[in-house]
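Right, one structure below, let's go through it.
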Amino acid sequence: MNARGRFFEKAELDSNWPFQFVVVCFGMVLAIFEGSLGLWSSFYSAPPMLSLIFLYWVALHHEKCVFLMSGFLVGLLSDILFSDLIGGRATAYIAVVFLMDIRRPKLLQGDFRDIWIDFSAVTAGVTLFQLILFSALNFAVPSLTPIAFQLGVTMIIFPIGYVLLTVVTSMFEKLRMPT
Amino acid sequence: MRASDKARIRHRRIAHTLLVVFSFSLMFLGKADVSALRSARMGVADFVAPLVDLVSAPVRGIETMVQGIRTVASLRAENVRLQAENSMLKRWRRRAEILESENRQLRSVAGAVAPDRRRAVTARAVTAPGGAFAHTVLVANGSDQGIQPGNPVVTADGLVGLVVDVGLAYSRVLMISDINAQIPVILSSSSWPGVTVGNNGPFLTLQFVPEEAAPKVGELVLTSGHGGVLPAGVPVGRVDLVGDEFVRVRPAVDLRNLSYVSILVGGTEGVAMGDLDLEEYYTPLPEADESRLFEGMNASGERQ
């Protein structure tokens, strides 16, 4: 009896692996796409943090599909390709996923404005964390204009990303319903 | 709660702690310039770069389309500007011919012929700076083309940066606007030395300029060639703003629109890498008088 219970428990725990894998893959593609937005002169060196929007949304609404390693892998790829500070964004994303685990129940009780304000605080935190570490390790403060621009654009784009992700998910769920 | 659950939670907590510690230590290892980490980074970049290329294809396409529309919209203004530029270039060509002749004569006297042994390899920029904390780009050529760390990267307008990491088929270029890029330069008209330093922004700062130097707005800033890594005389930018405590330089190359670059391979063989005493090598030249080419004639060749 005991052995059967443990068996089913394990199966239940493992059932989210395919979704977690998809989340990591999609997050990585978004991180690459985010970096390639730098090719547009408008977003030069300051593209919006699309991967953060995605991770935040998944951690808020589909908490079982995201785990600390997801944040780490997505952040690490972004660091390797587009940053000087390897591990900077990875650590920040781990912190985001961890904090979302704690804050989720409260956020889900509020309206969208609360979520937007919370996301803005999270984005500011991620940026500030990277800025402090970057300045400490390089003994120099980088130009703050692109950083502020990136922060602002990410905050502005968040509602669009949020709606898009919600719409796409509901479409998938509708497709799954008949079966 | 069962003992097995407690053990699982404990294991998970340990794993999460280790993950955070590992992630945090990566930052310090990265700054410590550990060669294994650099190799691993370039290995991953080599592996992922084709995917980056694929994902950024639509972005590049849209950017090209927007640029095309902008170009069409500004054709008239462009035509007027080009006519003015053409007229100015004709004057400069005349001046260049005179200087070339003078240069040839001086070289024959001093015997100071310095052949450039560098070979240009054209490479496509795969990425653009994708964050505010690093101004680096991946270019689609690597060690298979003989590229080595330290090779200068240029366009027709001037210096883009230096190759810092080389993979098999891709290389990472540190742009002159990066906070870690420090380029030894000279001011074109007075020949005073200095160092341009990036700050991850659109401009560079000119530092370590002697107090006697008086940079002017619009003055060209060229590489000095000190250290032997960069060839001398490559345009880095123009003085954009002169303040009390700082001199701002606008890069000669529009770094926001990089498509193709030239990597200068070789040419550093036999270069003495020892420290150079700048004061022994540089003395300020007299102010250039650009208003007249000959006594009694203006830049257009008309008698005054």
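Labels for the structure tokens follow display order: chains A, B, ..., residues from 1 in each chain, ligands from 1.
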Where does chain A meet chain B within 6 Å, residue by residue, with the nearest atom pair and distance in Å to one decimal for each, counting only C-alpha atoms, listed by chain and rising number, as a Markdown table?
```
| residue | atom | partner | partner_atom | distance |
| --- | --- | --- | --- | --- |
| A:Ile32 | CA | B:Val52 | CA | 6.0 |
| A:Phe33 | CA | B:Val55 | CA | 6.0 |
| A:Gly35 | CA | B:Gly130 | CA | 4.1 |
| A:Ser36 | CA | B:Ser56 | CA | 5.2 |
| A:Gly38 | CA | B:Gly130 | CA | 5.1 |
| A:Leu39 | CA | B:Ala128 | CA | 5.2 |
| A:Trp40 | CA | B:Glu63 | CA | 5.9 |
| A:Ser41 | CA | B:Arg256 | CA | 5.4 |
| A:Ser45 | CA | B:Gly131 | CA | 4.7 |
| A:Ala46 | CA | B:Gly131 | CA | 5.3 |
| A:Phe82 | CA | B:Gly130 | CA | 5.1 |
| A:Ser83 | CA | B:Ala134 | CA | 5.1 |
| A:Asp84 | CA | B:Ala134 | CA | 5.1 |
| A:Leu85 | CA | B:Met27 | CA | 5.8 |
| A:Ile86 | CA | B:Met27 | CA | 5.2 |
| A:Gly87 | CA | B:Met27 | CA | 5.1 |
| A:Thr91 | CA | B:Ser23 | CA | 5.6 |
| A:Pro142 | CA | B:Asn199 | CA | 5.1 |
| A:Ser143 | CA | B:Gly201 | CA | 5.2 |
| A:Pro146 | CA | B:Ala132 | CA | 5.9 |
| A:Ile147 | CA | B:Ala132 | CA | 5.6 |
```
Just the alpha helix (DSSP H) stuff from chain A, please, per backbone DSSP, written as a PyMOL selection string. chain A and resi 2-14+17-36+50-61+68-82+88-109+112-138+144-176
List the neighbours of Ala121 of chain A out to 12 Å using only C-alpha atoms; skip same-chain residues closer than 4 positions along the sequence, and give me the result as a PyMOL selection string. chain A and resi 56+96+99+114-117+125-129+151-152+154-155
Between atom CA of Arg8 of chain B and atom CA of Leu52 of chain A, what is the distance in Å, rounded to a tenth? 28.8 Å
Near-Asp144 of chain B list (12 Å; only C-alpha atoms; drop same-chain fewer than 4 positions) as a PyMOL selection string: chain B and resi 121+140+148+166-171
Please return as a ChimeraX atom specification: the residues of segment 109-235 of chain B that backbone DSSP assigns to strand (DSSP E). /B:119-124,136-139,152-154,159-166,171-175,182-187,193-198,204-207,220-223,235
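Relative to atom CA of Val221 of chain B, atom CA of Val185 of chain B is found at 6.5 Å.
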